[in-house]
file protein_30.json (JSON, C-alpha atoms)
[["chain", "number", "residue", "atom", "x", "y", "z"],
["A", 1, "MET", "CA", 0.00, 0.00, 0.00],
["A", 2, "VAL", "CA", 1.32, 3.44, -0.97],
["A", 3, "ALA", "CA", 1.06, 6.19, 1.63],
["A", 4, "LYS", "CA", -1.11, 9.08, 0.54],
["A", 5, "HIS", "CA", 0.22, 12.61, 0.49],
["A", 6, "THR", "CA", -2.14, 15.48, 1.27],
["A", 7, "LEU", "CA", -2.90, 19.00, 0.12],
["A", 8, "ARG", "CA", -4.69, 20.67, 3.07],
["A", 9, "ILE", "CA", -6.79, 23.71, 2.24],
["A", 10, "LEU", "CA", -7.42, 25.88, 5.30],
["A", 11, "ASN", "CA", -9.96, 28.68, 4.90],
["A", 12, "LYS", "CA", -13.22, 30.05, 6.30],
["A", 13, "THR", "CA", -15.06, 26.85, 5.30],
["A", 14, "GLY", "CA", -12.71, 24.68, 7.37],
["A", 15, "ASP", "CA", -10.06, 22.11, 6.49],
["A", 16, "THR", "CA", -10.42, 20.35, 3.14],
["A", 17, "ALA", "CA", -8.00, 17.64, 2.01],
["A", 18, "VAL", "CA", -6.99, 16.48, -1.45],
["A", 19, "ALA", "CA", -4.96, 13.25, -1.29],
["A", 20, "TRP", "CA", -2.69, 11.64, -3.87],
["A", 21, "ALA", "CA", -0.35, 8.69, -4.04],
["A", 22, "PRO", "CA", 3.10, 9.57, -5.38],
["A", 23, "GLY", "CA", 3.65, 7.96, -8.75],
["A", 24, "VAL", "CA", -0.08, 7.66, -9.50],
["A", 25, "LYS", "CA", -0.22, 10.16, -12.36],
["A", 26, "ALA", "CA", -3.99, 10.78, -12.36],
["A", 27, "GLU", "CA", -4.02, 11.52, -8.61],
["A", 28, "GLU", "CA", -0.93, 13.75, -8.84],
["A", 29, "GLU", "CA", -2.48, 15.70, -11.73],
["A", 30, "LYS", "CA", -5.71, 16.25, -9.79],
["A", 31, "ALA", "CA", -3.80, 17.54, -6.74],
["A", 32, "GLU", "CA", -1.55, 19.72, -8.91],
["A", 33, "GLU", "CA", -4.57, 21.20, -10.68],
["A", 34, "ARG", "CA", -6.15, 22.13, -7.33],
["A", 35, "PHE", "CA", -2.79, 23.53, -6.13],
["A", 36, "ASN", "CA", -2.60, 25.74, -9.24],
["A", 37, "GLN", "CA", -6.19, 26.94, -8.78],
["A", 38, "LEU", "CA", -5.43, 27.96, -5.21],
["A", 39, "ALA", "CA", -2.14, 29.63, -6.17],
["A", 40, "THR", "CA", -3.99, 31.65, -8.82],
["A", 41, "ALA", "CA", -6.45, 32.69, -6.09],
["A", 42, "SER", "CA", -3.47, 34.10, -4.08],
["A", 43, "TYR", "CA", -3.24, 31.28, -1.53],
["A", 44, "LEU", "CA", 0.11, 30.78, 0.16],
["A", 45, "MET", "CA", 1.50, 27.23, -0.08],
["A", 46, "PHE", "CA", 3.74, 25.52, 2.43],
["A", 47, "ALA", "CA", 5.38, 22.09, 2.10],
["A", 48, "VAL", "CA", 5.77, 20.09, 5.31],
["A", 49, "PRO", "CA", 8.65, 17.64, 4.76],
["A", 50, "ALA", "CA", 7.83, 15.46, 7.80],
["A", 51, "PRO", "CA", 5.45, 15.51, 10.77],
["A", 52, "GLY", "CA", 6.57, 18.21, 13.20],
["A", 53, "ALA", "CA", 9.09, 19.67, 10.73],
["A", 54, "LYS", "CA", 9.16, 23.36, 9.87],
["A", 55, "PRO", "CA", 7.10, 24.14, 6.74],
["A", 56, "THR", "CA", 8.69, 25.99, 3.85],
["A", 57, "GLN", "CA", 6.86, 28.18, 1.37],
["A", 58, "ILE", "CA", 6.63, 26.76, -2.15],
["A", 59, "ARG", "CA", 5.45, 28.25, -5.43],
["A", 60, "LYS", "CA", 5.31, 25.04, -7.49],
["A", 61, "PHE", "CA", 3.50, 21.78, -6.72],
["A", 62, "GLU", "CA", 5.81, 19.18, -5.14],
["A", 63, "SER", "CA", 4.32, 15.72, -5.59],
["A", 64, "THR", "CA", 6.90, 14.24, -3.19],
["A", 65, "ALA", "CA", 5.91, 16.51, -0.27],
["A", 66, "PRO", "CA", 4.06, 14.42, 2.34],
["A", 67, "GLU", "CA", 1.84, 17.41, 3.14],
["A", 68, "ILE", "CA", 1.17, 20.76, 1.52],
["A", 69, "ILE", "CA", -0.80, 23.40, 3.42],
["A", 70, "ALA", "CA", -2.69, 26.08, 1.50],
["A", 71, "VAL", "CA", -3.87, 29.20, 3.33],
["A", 72, "PRO", "CA", -5.51, 32.31, 1.92],
["A", 73, "ARG", "CA", -3.47, 35.47, 1.93],
["A", 74, "TYR", "CA", -4.93, 37.82, 4.52],
["A", 75, "GLN", "CA", -4.79, 41.59, 4.30],
["A", 76, "GLY", "CA", -4.66, 43.84, 7.31],
["A", 77, "GLY", "CA", -7.06, 46.69, 7.63]]
call {"tool": "encode", "arguments": {"input": "protein_30.json", "output": "structure tokens"}}
result
Amino acid sequence: MVAKHTLRILNKTGDTAVAWAPGVKAEEEKAEERFNQLATASYLMFAVPAPGAKPTQIRKFESTAPEIIAVPRYQGG
């Protein structure tokens, strides 16, 4: 069994997850498409290399990242 990787979308509607198995092209493409939609909508993306590790901001989909967190960009006011 292949471990699933996850794109977590955190916003006002809650926590939504899009999962993919590395190497499964159709699943990777679906997750990358959602990643690109969110990036176009000005979400910030962070790759988490391992549980408890410090996230790093990314600008391109990384299919090998165990977890990617997407958060909307907030503006002060």
call {"tool": "closest_residue", "arguments": {"input": "protein_30.json", "among": "A:Leu7, A:Ala53, A:Ala31, A:Ala21", "to": "Ala70 of chain A", "atoms": "all atoms listed in the file"}}
result
A:Leu7
call {"tool": "closest_residue", "arguments": {"input": "protein_30.json", "among": "A:Arg73, A:Gly14, A:Ile9, A:Asn36", "to": "Phe61 of chain A", "atoms": "only C-alpha atoms"}}
result
A:Asn36
call {"tool": "residues_around", "arguments": {"input": "protein_30.json", "residues": "segment 47-52 of chain A", "least_positions_apart": "2", "cutoff": "9 Å", "atoms": "all atoms listed in the file", "output": "JSON, numbers by chain"}}
result
{"A": [45, 54, 55, 56, 57, 58, 62, 64, 65, 66, 67, 68, 69]}
call {"tool": "residues_around", "arguments": {"input": "protein_30.json", "residues": "Tyr43 of chain A", "least_positions_apart": "3", "cutoff": "8 Å", "atoms": "all atoms listed in the file", "output": "PyMOL selection string"}}
result
chain A and resi 38-40+70-73
call {"tool": "residues_around", "arguments": {"input": "protein_30.json", "residues": "Glu27 of chain A", "least_positions_apart": "6", "cutoff": "10 Å", "atoms": "all atoms listed in the file", "output": "PDB file with C-alpha atoms, in the coordinates of the input"}}
result
ATOM      1  CA  LYS A   4      -1.110   9.080   0.540  1.00  0.00           C
ATOM      2  CA  VAL A  18      -6.990  16.480  -1.450  1.00  0.00           C
ATOM      3  CA  ALA A  19      -4.960  13.250  -1.290  1.00  0.00           C
ATOM      4  CA  TRP A  20      -2.690  11.640  -3.870  1.00  0.00           C
ATOM      5  CA  ALA A  21      -0.350   8.690  -4.040  1.00  0.00           C
ATOM      6  CA  GLU A  33      -4.570  21.200 -10.680  1.00  0.00           C
ATOM      7  CA  SER A  63       4.320  15.720  -5.590  1.00  0.00           C
TER       8      SER A  63
END
call {"tool": "atom_distance", "arguments": {"input": "protein_30.json", "atom1": "atom CA of Leu10 of chain A", "atom2": "atom CA of Arg59 of chain A"}}
result
16.9 Å
call {"tool": "atom_distance", "arguments": {"input": "protein_30.json", "atom1": "atom CA of Thr13 of chain A", "atom2": "atom CA of Tyr74 of chain A"}}
result
15.0 Å
call {"tool": "atom_distance", "arguments": {"input": "protein_30.json", "atom1": "atom CA of Arg8 of chain A", "atom2": "atom CA of Lys30 of chain A"}}
result
13.6 Å
call {"tool": "closest_residue", "arguments": {"input": "protein_30.json", "among": "A:Val24, A:Asp15, A:Gln75, A:Lys60", "to": "Gln37 of chain A", "atoms": "all atoms listed in the file"}}
result
A:Lys60
call {"tool": "axis_aligned_box", "arguments": {"input": "protein_30.json", "around": "segment 3-10 of chain A", "padding_each_side": "6 Å", "output": "lines of an AutoDock Vina configuration file"}}
result
center_x = -3.2
center_y = 16.0
center_z = 2.7
size_x = 20.5
size_y = 31.7
size_z = 17.2
